[in-house]
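Next up, model-v8.csv (CSV, C-alpha atoms):
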chain,number,residue,atom,x,y,z
A,167,MET,CA,30.8,-6.6,10.2
A,168,ALA,CA,31.5,-5.1,13.6
A,169,GLU,CA,31.3,-1.7,12.0
A,170,HIS,CA,27.9,-2.5,10.4
A,171,GLU,CA,26.5,-3.2,13.9
A,172,GLN,CA,27.8,0.1,15.0
A,173,HIS,CA,26.2,2.0,12.1
A,174,ASP,CA,22.8,0.5,12.9
A,175,HIS,CA,22.7,2.7,16.0
A,176,ASP,CA,22.9,5.8,13.9
A,177,HIS,CA,19.4,5.2,12.3
A,178,ILE,CA,16.5,7.2,13.5
A,179,GLU,CA,14.6,4.9,15.8
A,180,HIS,CA,11.8,3.3,13.9
A,181,ASP,CA,10.6,0.2,15.8
A,182,HIS,CA,8.0,2.0,17.9
A,183,MET,CA,4.9,1.3,15.8
A,184,THR,CA,3.4,-2.1,15.4
A,185,ILE,CA,0.5,-3.2,13.1
A,186,PRO,CA,-2.0,-3.3,16.0
A,187,LYS,CA,-1.0,0.3,17.0
A,188,TYR,CA,-1.5,1.4,13.3
A,189,ILE,CA,-4.9,-0.2,13.2
A,190,GLY,CA,-5.8,1.5,16.6
A,191,ILE,CA,-4.9,5.0,15.3
A,192,PHE,CA,-6.8,4.2,12.1
A,193,LEU,CA,-9.9,3.3,14.2
A,194,VAL,CA,-9.6,6.5,16.1
A,195,LEU,CA,-9.6,8.4,12.8
A,196,VAL,CA,-12.7,6.5,11.5
A,197,VAL,CA,-14.6,7.2,14.8
A,198,GLY,CA,-13.5,10.8,14.5
A,199,THR,CA,-14.9,11.1,11.0
A,200,ILE,CA,-18.2,9.5,12.0
A,201,LEU,CA,-18.4,11.7,15.0
A,202,THR,CA,-17.7,14.8,12.9
A,203,TYR,CA,-20.6,13.9,10.6
A,204,PHE,CA,-23.2,13.3,13.4
A,205,ALA,CA,-22.0,16.3,15.5
A,206,ALA,CA,-22.7,18.5,12.5
A,207,THR,CA,-26.3,17.4,12.2
A,208,VAL,CA,-27.1,18.3,15.8
A,209,ASP,CA,-27.9,22.0,16.3
A,210,LEU,CA,-25.5,23.2,19.0
A,211,ASP,CA,-26.3,26.9,18.5
A,212,PHE,CA,-28.1,26.9,21.9
A,213,ILE,CA,-24.6,26.9,23.5
A,214,PHE,CA,-23.4,29.8,21.4
A,215,PRO,CA,-23.6,30.6,17.7
A,216,GLY,CA,-20.8,28.7,15.9
A,217,ALA,CA,-20.5,25.9,18.5
A,218,ASN,CA,-20.9,23.4,15.7
A,219,THR,CA,-17.8,24.7,13.9
A,220,LEU,CA,-15.8,24.7,17.1
A,221,VAL,CA,-16.7,21.0,17.7
A,222,ALA,CA,-15.9,20.1,14.1
A,223,LEU,CA,-12.5,21.8,14.4
A,224,LEU,CA,-11.7,20.2,17.7
A,225,ILE,CA,-12.3,16.8,16.2
A,226,ALA,CA,-10.3,17.7,13.1
A,227,PHE,CA,-7.3,18.9,15.3
A,228,THR,CA,-7.5,15.6,17.3
A,229,LYS,CA,-7.4,13.6,14.1
A,230,MET,CA,-4.6,15.7,12.7
A,231,THR,CA,-2.6,15.2,15.8
A,232,CYS,CA,-3.0,11.4,15.6
A,233,VAL,CA,-1.9,11.4,12.0
A,234,MET,CA,1.1,13.6,12.6
A,235,LEU,CA,2.4,12.0,15.8
A,236,PHE,CA,1.9,8.3,14.8
A,237,PHE,CA,1.5,8.0,11.0
A,238,MET,CA,4.1,10.7,10.3
A,239,HIS,CA,6.3,9.5,13.2
A,240,VAL,CA,6.7,13.0,14.6
A,241,TYR,CA,6.5,11.6,18.1
A,242,TRP,CA,9.9,9.8,17.7
A,243,SER,CA,11.4,12.4,15.5
A,244,PRO,CA,14.3,14.8,16.3
A,245,ARG,CA,13.5,18.2,18.0
A,246,MET,CA,14.0,20.0,14.7
A,247,ILE,CA,11.0,18.2,13.2
A,248,TRP,CA,8.9,19.0,16.2
A,249,LEU,CA,9.9,22.6,15.8
A,250,SER,CA,9.0,22.7,12.1
A,251,ALA,CA,5.6,21.2,12.7
A,252,VAL,CA,4.7,23.5,15.6
A,253,ALA,CA,6.2,26.6,13.9
A,254,SER,CA,4.1,26.1,10.8
A,255,PHE,CA,0.9,26.4,13.0
A,256,PHE,CA,2.4,29.4,14.7
A,257,TRP,CA,2.9,31.2,11.4
A,258,LEU,CA,-0.6,30.1,10.3
A,259,ALA,CA,-2.0,31.6,13.5
A,260,ILE,CA,-0.2,34.9,12.8
A,261,MET,CA,-1.7,35.0,9.3
A,262,PHE,CA,-5.2,34.3,10.6
A,263,SER,CA,-5.1,36.7,13.5
A,264,TYR,CA,-3.5,39.6,11.7
A,265,THR,CA,-5.9,39.2,8.8
A,266,MET,CA,-8.9,39.0,11.0
A,267,GLN,CA,-7.9,41.9,13.3
A,268,ASP,CA,-8.1,44.0,10.2
A,269,TYR,CA,-11.4,42.7,8.8
A,270,LEU,CA,-13.1,42.5,12.2
A,271,THR,CA,-12.4,46.1,13.1
A,272,ARG,CA,-13.5,47.7,9.8
A,273,ASP,CA,-17.2,47.2,10.5
A,274,PRO,CA,-19.1,44.8,12.7
A,275,GLY,CA,-18.7,41.3,11.5
A,276,VAL,CA,-19.9,38.0,12.8
A,277,PHE,CA,-18.2,38.3,16.2
A,278,SER,CA,-19.7,41.7,17.0
A,279,PRO,CA,-23.3,42.2,15.7
B,265,MET,CA,35.0,13.4,0.2
B,266,SER,CA,34.4,10.2,2.0
B,267,SER,CA,37.2,8.4,3.8
B,268,HIS,CA,37.3,5.2,1.7
B,269,SER,CA,38.3,6.8,-1.5
B,270,GLU,CA,41.3,8.5,0.2
B,271,THR,CA,42.7,5.4,1.8
B,272,GLY,CA,42.0,3.3,-1.2
B,273,LYS,CA,41.2,0.5,1.2
B,274,PHE,CA,37.7,-1.0,1.4
B,275,HIS,CA,35.8,0.8,4.1
B,276,TYR,CA,32.3,-0.4,4.9
B,277,HIS,CA,29.5,2.1,4.4
B,278,GLU,CA,25.7,1.6,4.2
B,279,PRO,CA,24.6,0.8,0.6
B,280,GLY,CA,22.1,3.7,0.7
B,281,LEU,CA,24.5,6.3,2.1
B,282,GLN,CA,25.2,9.3,-0.1
B,283,HIS,CA,28.8,10.5,0.0
B,284,GLN,CA,28.1,14.0,1.5
B,285,PHE,CA,26.8,12.5,4.7
B,286,GLU,CA,28.7,11.1,7.6
B,287,ASP,CA,26.4,8.2,8.4
B,288,MET,CA,22.8,7.0,7.8
B,289,GLY,CA,21.5,8.8,10.9
B,290,GLN,CA,22.7,12.2,9.6
B,291,GLN,CA,21.4,11.4,6.1
B,292,GLU,CA,17.9,10.4,7.4
B,293,GLU,CA,17.7,13.5,9.6
B,294,SER,CA,18.7,15.8,6.7
B,295,VAL,CA,16.2,14.2,4.4
B,296,SER,CA,13.4,14.5,7.0
B,297,ILE,CA,14.1,18.1,7.7
B,298,GLY,CA,14.1,18.9,4.0
B,299,MET,CA,10.8,17.2,3.5
B,300,TRP,CA,9.3,19.0,6.6
B,301,MET,CA,10.4,22.4,5.2
B,302,PHE,CA,8.5,21.5,2.0
B,303,LEU,CA,5.5,20.5,4.1
B,304,VAL,CA,5.6,23.7,6.1
B,305,GLN,CA,5.5,25.8,3.0
B,306,GLU,CA,2.6,23.6,1.8
B,307,ILE,CA,0.8,24.4,5.0
B,308,MET,CA,1.3,28.1,4.3
B,309,PHE,CA,0.2,27.6,0.7
B,310,PHE,CA,-3.2,26.0,1.8
B,311,GLY,CA,-3.2,28.5,4.7
B,312,GLY,CA,-3.7,31.4,2.3
B,313,LEU,CA,-6.9,29.7,1.0
B,314,PHE,CA,-8.1,28.9,4.6
B,315,THR,CA,-7.6,32.6,5.4
B,316,ALA,CA,-9.7,33.6,2.4
B,317,TYR,CA,-12.3,31.2,3.6
B,318,LEU,CA,-12.2,32.6,7.2
B,319,VAL,CA,-12.6,36.2,5.9
B,320,PHE,CA,-15.6,35.5,3.6
B,321,ARG,CA,-17.3,33.1,6.0
B,322,SER,CA,-17.1,35.5,8.9
B,323,ARG,CA,-18.8,38.1,6.6
B,324,PHE,CA,-21.5,35.9,5.0
B,325,PRO,CA,-22.0,32.9,7.2
B,326,MET,CA,-25.6,32.2,6.0
B,327,ALA,CA,-24.6,32.3,2.4
B,328,PHE,CA,-21.8,29.8,3.2
B,329,ALA,CA,-24.2,27.6,5.1
B,330,ALA,CA,-26.7,27.6,2.2
B,331,GLY,CA,-24.0,26.8,-0.3
B,332,SER,CA,-22.5,24.0,1.9
B,333,ASN,CA,-25.9,22.4,2.2
B,334,HIS,CA,-26.0,21.8,-1.5
B,335,LEU,CA,-22.8,19.8,-1.3
B,336,ASP,CA,-23.3,16.1,-0.9
B,337,ALA,CA,-22.0,15.2,2.7
B,338,PHE,CA,-22.3,11.5,1.9
B,339,TRP,CA,-19.7,11.7,-0.9
B,340,GLY,CA,-17.6,14.0,1.2
B,341,GLY,CA,-17.7,11.7,4.2
B,342,LEU,CA,-17.0,8.6,2.1
B,343,ASN,CA,-14.0,10.4,0.6
B,344,THR,CA,-12.7,11.2,4.1
B,345,LEU,CA,-12.9,7.5,5.0
B,346,VAL,CA,-11.2,6.5,1.7
B,347,LEU,CA,-8.3,8.9,2.4
B,348,ILE,CA,-8.0,7.6,6.0
B,349,VAL,CA,-7.8,4.0,4.8
B,350,SER,CA,-5.2,5.1,2.2
B,351,SER,CA,-3.2,6.8,5.0
B,352,LEU,CA,-3.2,3.5,6.9
B,353,THR,CA,-2.0,1.5,3.9
B,354,MET,CA,0.7,4.2,3.3
B,355,ALA,CA,1.8,3.9,6.9
B,356,LEU,CA,1.9,0.1,6.5
B,357,THR,CA,4.0,0.6,3.4
B,358,VAL,CA,6.6,2.3,5.5
B,359,TYR,CA,6.3,-0.3,8.1
B,360,TYR,CA,6.9,-3.2,5.7
B,361,ALA,CA,9.8,-1.2,4.1
B,362,GLN,CA,11.4,-1.0,7.5
B,363,LYS,CA,10.9,-4.8,7.8
B,364,SER,CA,12.5,-5.3,4.4
B,365,ASN,CA,9.3,-7.1,3.2
B,366,ARG,CA,9.2,-6.4,-0.5
B,367,ASN,CA,6.0,-8.2,-1.4
B,368,MET,CA,3.9,-6.5,1.3
B,369,GLN,CA,5.4,-3.2,0.3
B,370,VAL,CA,4.2,-3.6,-3.3
B,371,ILE,CA,0.7,-4.7,-2.1
B,372,MET,CA,0.4,-1.8,0.2
B,373,ILE,CA,1.5,0.7,-2.4
B,374,LEU,CA,-1.0,-0.8,-4.9
B,375,LEU,CA,-3.8,-0.5,-2.2
B,376,THR,CA,-2.8,3.1,-1.5
B,377,MET,CA,-2.9,3.9,-5.2
B,378,ALA,CA,-6.3,2.2,-5.5
B,379,PHE,CA,-7.8,4.3,-2.6
B,380,GLY,CA,-6.2,7.5,-4.0
B,381,ALA,CA,-7.8,6.7,-7.4
B,382,THR,CA,-11.2,6.0,-5.7
B,383,PHE,CA,-11.0,9.4,-4.0
B,384,LEU,CA,-10.4,11.1,-7.4
B,385,GLY,CA,-13.3,9.1,-8.9
B,386,VAL,CA,-15.7,10.3,-6.2
B,387,LYS,CA,-14.4,13.8,-6.7
B,388,THR,CA,-15.2,13.5,-10.4
B,389,ILE,CA,-18.8,12.4,-9.6
B,390,GLU,CA,-19.2,15.4,-7.3
B,391,TYR,CA,-17.8,17.9,-9.9
B,392,ARG,CA,-20.0,16.5,-12.6
B,393,ASP,CA,-23.0,16.9,-10.3
B,394,LYS,CA,-22.1,20.6,-9.7
B,395,PHE,CA,-21.7,21.0,-13.4
B,396,ASN,CA,-25.2,19.6,-14.1
B,397,HIS,CA,-26.8,21.8,-11.5
B,398,GLY,CA,-25.3,25.1,-12.4
B,399,LEU,CA,-23.1,25.3,-9.3
B,400,VAL,CA,-19.7,26.0,-11.0
B,401,PRO,CA,-19.0,29.7,-10.2
B,402,VAL,CA,-17.8,30.6,-13.7
B,403,GLN,CA,-20.2,31.6,-16.5
B,404,GLY,CA,-20.3,29.1,-19.3
B,405,TRP,CA,-18.6,26.3,-17.3
B,406,ASN,CA,-22.0,24.8,-16.4
B,407,LYS,CA,-24.3,22.5,-18.4
B,408,ARG,CA,-26.4,24.6,-20.8
B,409,VAL,CA,-30.1,23.8,-20.4
B,410,PRO,CA,-32.1,25.6,-23.1
B,411,ALA,CA,-35.1,27.5,-21.8
B,412,ASP,CA,-38.5,26.1,-22.7
B,413,PRO,CA,-40.5,28.9,-24.4
B,414,ASN,CA,-43.8,27.3,-23.4
B,415,ALA,CA,-42.9,26.9,-19.7
B,416,GLU,CA,-44.9,28.9,-17.2
B,417,HIS,CA,-42.8,31.5,-15.3
B,418,GLU,CA,-42.5,30.8,-11.7
B,419,THR,CA,-42.3,34.0,-9.6
B,420,LYS,CA,-41.7,32.6,-6.2
B,421,PRO,CA,-39.6,34.7,-3.8
B,422,CYS,CA,-36.2,33.0,-3.2
B,423,TRP,CA,-36.9,32.2,0.4
B,424,GLU,CA,-39.9,30.0,-0.5
B,425,VAL,CA,-37.7,27.7,-2.5
B,426,ASP,CA,-37.6,24.3,-0.7
B,427,HIS,CA,-34.0,23.3,-0.5
B,428,ASN,CA,-35.0,19.7,0.2
B,429,ALA,CA,-37.0,19.5,-3.1
B,430,PRO,CA,-35.6,17.2,-5.7
B,431,ALA,CA,-33.1,18.9,-8.0
B,432,VAL,CA,-35.1,20.5,-10.9
B,433,GLU,CA,-33.4,21.2,-14.2
B,434,HIS,CA,-33.7,24.9,-14.3
B,435,PRO,CA,-33.3,26.5,-17.7
B,436,ASN,CA,-29.7,27.7,-17.9
B,437,PRO,CA,-29.1,28.7,-21.6
B,438,ARG,CA,-25.7,30.4,-21.0
B,439,GLY,CA,-24.3,28.0,-18.4
B,440,GLU,CA,-24.4,30.5,-15.6
B,441,PHE,CA,-24.0,30.0,-11.8
B,442,GLN,CA,-27.5,29.3,-10.4
B,443,PHE,CA,-28.6,29.3,-6.8
B,444,ALA,CA,-32.3,30.0,-6.2
B,445,ASP,CA,-32.7,29.3,-2.5
B,446,CYS,CA,-32.2,32.0,0.1
B,447,SER,CA,-34.3,30.5,2.8
B,448,LEU,CA,-31.5,30.5,5.4
B,449,ALA,CA,-31.1,34.2,5.2
B,450,LYS,CA,-34.9,34.6,5.7
B,451,LEU,CA,-34.6,32.3,8.7
B,452,ALA,CA,-32.0,34.4,10.3
B,453,GLU,CA,-33.7,37.7,9.5
B,454,GLY,CA,-34.7,39.6,12.7
B,455,LYS,CA,-33.0,37.1,15.0
B,456,THR,CA,-30.9,38.3,17.9
B,457,PRO,CA,-27.2,37.8,18.4
B,458,GLU,CA,-27.9,34.9,20.7
B,459,GLU,CA,-29.6,33.1,17.8
B,460,ASN,CA,-28.7,32.8,14.2
B,461,PHE,CA,-28.5,36.5,13.4
B,462,LEU,CA,-27.4,38.3,10.2
B,463,THR,CA,-24.1,40.1,10.4
B,464,ALA,CA,-23.8,43.7,9.4
B,465,ALA,CA,-22.0,42.7,6.2
B,466,GLU,CA,-24.9,40.4,5.4
B,467,ARG,CA,-27.5,43.1,6.0
B,468,ILE,CA,-25.8,45.1,3.3
B,469,GLY,CA,-24.8,42.1,1.2
B,470,TYR,CA,-28.2,40.3,0.8
B,471,TYR,CA,-30.7,43.2,0.7
B,472,SER,CA,-32.2,45.5,-1.9
B,473,ASN,CA,-34.8,48.1,-0.9
B,474,GLY,CA,-35.3,46.4,2.5
B,475,GLN,CA,-36.0,43.0,0.9
B,476,ILE,CA,-33.8,40.0,0.6
B,477,ASP,CA,-32.5,40.0,-2.9
B,478,GLY,CA,-32.1,36.5,-4.4
B,479,ASN,CA,-29.5,37.8,-6.9
B,480,LYS,CA,-27.3,39.4,-4.3
B,481,PHE,CA,-27.6,36.3,-2.1
B,482,ARG,CA,-26.6,34.1,-5.0
B,483,ASP,CA,-23.5,36.2,-5.5
B,484,LYS,CA,-22.4,35.5,-1.9
B,485,VAL,CA,-23.1,31.8,-2.3
B,486,ARG,CA,-20.9,32.0,-5.4
B,487,ILE,CA,-18.0,33.1,-3.3
B,488,PHE,CA,-18.4,29.9,-1.3
B,489,TYR,CA,-18.4,27.8,-4.5
B,490,TYR,CA,-15.4,29.6,-5.8
B,491,LEU,CA,-13.5,28.7,-2.6
B,492,TYR,CA,-14.9,25.2,-2.7
B,493,PHE,CA,-13.6,24.6,-6.2
B,494,VAL,CA,-10.2,26.2,-5.6
B,495,MET,CA,-9.6,24.4,-2.4
B,496,THR,CA,-10.8,20.9,-3.4
B,497,GLY,CA,-9.2,21.4,-6.9
B,498,LEU,CA,-5.8,22.2,-5.4
B,499,HIS,CA,-6.2,19.2,-3.1
B,500,ALA,CA,-7.2,17.0,-6.0
B,501,LEU,CA,-4.0,18.2,-7.8
B,502,HIS,CA,-2.0,17.1,-4.8
B,503,MET,CA,-3.7,13.7,-5.0
B,504,ILE,CA,-2.6,13.4,-8.6
B,505,VAL,CA,0.9,14.4,-7.8
B,506,GLY,CA,0.7,11.8,-4.9
B,507,LEU,CA,-0.4,9.1,-7.4
B,508,ALA,CA,2.6,9.9,-9.7
B,509,LEU,CA,4.8,9.6,-6.6
B,510,MET,CA,3.3,6.3,-5.8
B,511,THR,CA,3.8,5.0,-9.3
B,512,TRP,CA,7.5,5.8,-9.0
B,513,LEU,CA,7.6,4.3,-5.6
B,514,LEU,CA,5.9,1.1,-6.9
B,515,ILE,CA,8.6,0.7,-9.6
B,516,VAL,CA,11.5,1.1,-7.1
B,517,ALA,CA,9.8,-1.1,-4.5
B,518,TRP,CA,9.1,-3.7,-7.1
B,519,ARG,CA,12.9,-4.0,-7.8
B,520,GLY,CA,13.3,-4.6,-4.1
B,521,SER,CA,15.4,-1.5,-3.5
B,522,PHE,CA,14.0,-0.7,-0.1
B,523,SER,CA,15.1,-2.4,3.1
B,524,GLU,CA,15.6,-1.7,6.7
B,525,ASP,CA,18.9,-0.1,5.8
B,526,TYR,CA,17.4,2.3,3.2
B,527,TYR,CA,13.7,3.2,3.2
B,528,MET,CA,13.7,7.0,3.4
B,529,PRO,CA,12.0,7.5,-0.1
B,530,VAL,CA,9.1,5.5,1.2
B,531,GLU,CA,9.0,7.4,4.5
B,532,MET,CA,9.1,10.8,2.7
B,533,SER,CA,6.4,9.9,0.2
B,534,GLY,CA,4.4,8.8,3.2
B,535,LEU,CA,4.8,12.2,4.8
B,536,TYR,CA,3.5,13.8,1.7
B,537,TRP,CA,0.5,11.5,1.5
B,538,HIS,CA,-0.4,12.0,5.1
B,539,PHE,CA,-0.2,15.7,4.7
B,540,VAL,CA,-2.7,15.6,1.8
B,541,ASP,CA,-4.9,13.5,4.1
B,542,ILE,CA,-4.7,16.1,6.9
B,543,VAL,CA,-5.7,18.9,4.5
B,544,TRP,CA,-8.8,16.9,3.6
B,545,ILE,CA,-9.5,16.2,7.3
B,546,PHE,CA,-10.0,20.0,7.6
B,547,LEU,CA,-11.7,20.6,4.2
B,548,PHE,CA,-14.5,18.0,5.0
B,549,PRO,CA,-16.1,19.7,8.0
B,550,LEU,CA,-15.3,23.2,6.8
B,551,LEU,CA,-16.8,22.8,3.3
B,552,TYR,CA,-19.4,20.0,3.6
B,553,LEU,CA,-20.8,20.2,7.1
B,554,LEU,CA,-20.9,23.9,8.1
B,555,GLY,CA,-24.6,24.5,7.5
B,556,ARG,CA,-25.8,20.9,8.2
B,557,HIS,CA,-27.4,21.8,11.6
B,558,PHE,CA,-29.7,24.4,10.0
B,559,MET,CA,-31.3,21.7,7.8
B,560,HIS,CA,-34.0,20.8,10.3
B,561,GLY,CA,-35.3,24.3,10.7
B,562,GLY,CA,-32.5,25.8,12.9
Would you write out, as structure tokens, the structure that this file holds?
Amino acid sequence: MAEHEQHDHDHIEHDHMTIPKYIGIFLVLVVGTILTYFAATVDLDFIFPGANTLVALLIAFTKMTCVMLFFMHVYWSPRMIWLSAVASFFWLAIMFSYTMQDYLTRDPGVFSP
Amino acid sequence: MSSHSETGKFHYHEPGLQHQFEDMGQQEESVSIGMWMFLVQEIMFFGGLFTAYLVFRSRFPMAFAAGSNHLDAFWGGLNTLVLIVSSLTMALTVYYAQKSNRNMQVIMILLTMAFGATFLGVKTIEYRDKFNHGLVPVQGWNKRVPADPNAEHETKPCWEVDHNAPAVEHPNPRGEFQFADCSLAKLAEGKTPEENFLTAAERIGYYSNGQIDGNKFRDKVRIFYYLYFVMTGLHALHMIVGLALMTWLLIVAWRGSFSEDYYMPVEMSGLYWHFVDIVWIFLFPLLYLLGRHFMHGG
């Protein structure tokens, strides 16, 4: 059984999350959802047009980060997993920005009246 | 070929270890990376739809806001909470699998499935509501409401339609997409860029002969509903696949196959389930809440 003990060290570490921590993350997500709803009913256009969408997306990104880091255990995952997760958003950003630089320069759109 | 078959002597290896891997650590890492590659392509898959959303919303923001205000934010918000609870129970499934607790695993998988099914049930209520009110963007896919030949014809301009009025059963003999309310475009008319102005695309897209044209406005709202059905439909499809996955997981967990030595199938199914949750975290504000702040007169 000595060898068994040795093999145990090869597992990806998984003893970081406890039930109270899971509940805590869950509560953050619930608060985020409620906050999203009420932030959307307040007119924030006096800051700048589209401020509501920015706030909604900021909350959504926070919630996503919580889910990815703790529910999906990315926080304790190998570098390769971090790289995949970050890279996917990098590709997404390329797709959004290159598409929009075409549409926004054809004629005035929402960002340039 | 693993070493124990060569020597013919018993050589301990983990019960869940496949022969092509050196040890559990390498196997777990390979499995995770494979799953994450799948999730990355899923992100790009949904990303295409989010790009379409971005393009059309930046062109016709008022039509998108008007369309969004006719979605029911209560059901959308409830579904967000339901999915978050299901994510918690899924995370706890993985936790109990790591603790080799078979009974709690089975309970948590059942709870996850129940919440997933609740989500789909609420989605069905919403889709049926859209069907009844002529908001499905395909002709003939809406409820057919025969026209009453004795009814008086209302000729109100589209911007005078009260969007808070109770849903009226408009005649819809051919089951077409219907959207009568263009009050948001009227509200933004003549406003400056500092306020809720109309974009150049909107000035072309909503107007006929210098007047807001209800038919042209409706066609832009229809783009919103098209994206709504494709995005939520694809998400619902992922939920159905997730439920199938959970059914399989339930059977295997029921047999007590998962323990602290071998739980990667639970962990990987969890990754998929959380991914589907994350997609909804973005769909909820982007589809249901984007025009909410105009509702009190903007």
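Atom CA of Met495 of chain B sits 18.7 Å away from atom CA of Asn406 of chain B.
The space between atom CA of Gln403 of chain B and atom CA of Gly439 of chain B spans 5.8 Å.
If we count all atoms listed in the file, these residues of chain B sit within 6 Å of chain A: Met288, Gly289, Val304, Thr315, Ser322, Arg323, Ala355, Thr463, Ala464, Leu535, Ile542, Phe546, Leu553, Arg556 and His557 of chain B.
The spacing separating atom CA of Ile468 of chain B from atom CA of Glu424 of chain B amounts to 21.0 Å.
Here the question is which of B:Leu554, B:Ala444, B:Val425, B:Leu375 gets nearest to Asp483 of chain B using all atoms listed in the file, and that residue is B:Ala444.
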- Counting all atoms listed in the file, write as a list in words all protein and nucleic acid residues lying at most 10 Å from (-6.8, 21.3, -1.7) in the file's frame. Phe309, Phe310, Leu313, Phe314, Tyr492, Phe493, Val494, Met495, Thr496, Gly497, Leu498, His499, Ala500, Leu501, His502, Met503, Val540, Asp541, Val543, Trp544, Phe546 and Leu547 of chain B
- Task: Within 6 Å of segment 379-395 of chain B, counting all atoms listed in the file, which residues show up once you throw out same-chain ones fewer than 4 positions away? Write them as a VMD selection string, please.
- Result: chain B and resid 343 346 350 399 to 400 406 to 407
- Item | From B:Tyr490, B:Ile476, B:Gly280, B:Ser364, residue lying nearest Leu451 of chain B [all atoms listed in the file] | B:Ile476
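The neighbours of Ala316 of chain B here are the residues that come within 9 Å of it, using all atoms listed in the file and leaving out any residue fewer than 5 positions away in the same chain; they are Gly311, Arg321 and Leu491 of chain B.
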- Lys480 of chain B: which residues within 8 Å, counting all atoms listed in the file, same-chain residues fewer than 3 positions away excluded, as a ChimeraX atom specification? /B:469-471,477,483-484
Those selected residues, please, written with C-alpha atoms and delivered as a compact mmCIF listing (two decimals), in the coordinates of the input.
# COMPACT_ATOMS: atom_id res chain seq x y z
CA GLY B 469 -24.80 42.10 1.20
CA TYR B 470 -28.20 40.30 0.80
CA TYR B 471 -30.70 43.20 0.70
CA ASP B 477 -32.50 40.00 -2.90
CA ASP B 483 -23.50 36.20 -5.50
CA LYS B 484 -22.40 35.50 -1.90
Using all atoms of segment 222-228 of chain A listed in the file and a margin of 4 Å per side, can you give the axis-aligned box centre and edge lengths in Å to one decimal, as JSON?
{"center_x": -11.6, "center_y": 18.7, "center_z": 15.4, "size_x": 16.6, "size_y": 14.2, "size_z": 12.6}
Might you pull out every residue within 7 Å of Leu514 of chain B, with only C-alpha atoms counted and same-chain residues fewer than 4 positions away left off, and present them as a PDB file with C-alpha atoms, keeping the file's coordinate frame?
ATOM      1  CA  VAL B 370       4.200  -3.600  -3.300  1.00  0.00           C
ATOM      2  CA  ILE B 373       1.500   0.700  -2.400  1.00  0.00           C
ATOM      3  CA  MET B 510       3.300   6.300  -5.800  1.00  0.00           C
ATOM      4  CA  TRP B 518       9.100  -3.700  -7.100  1.00  0.00           C
TER       5      TRP B 518
END
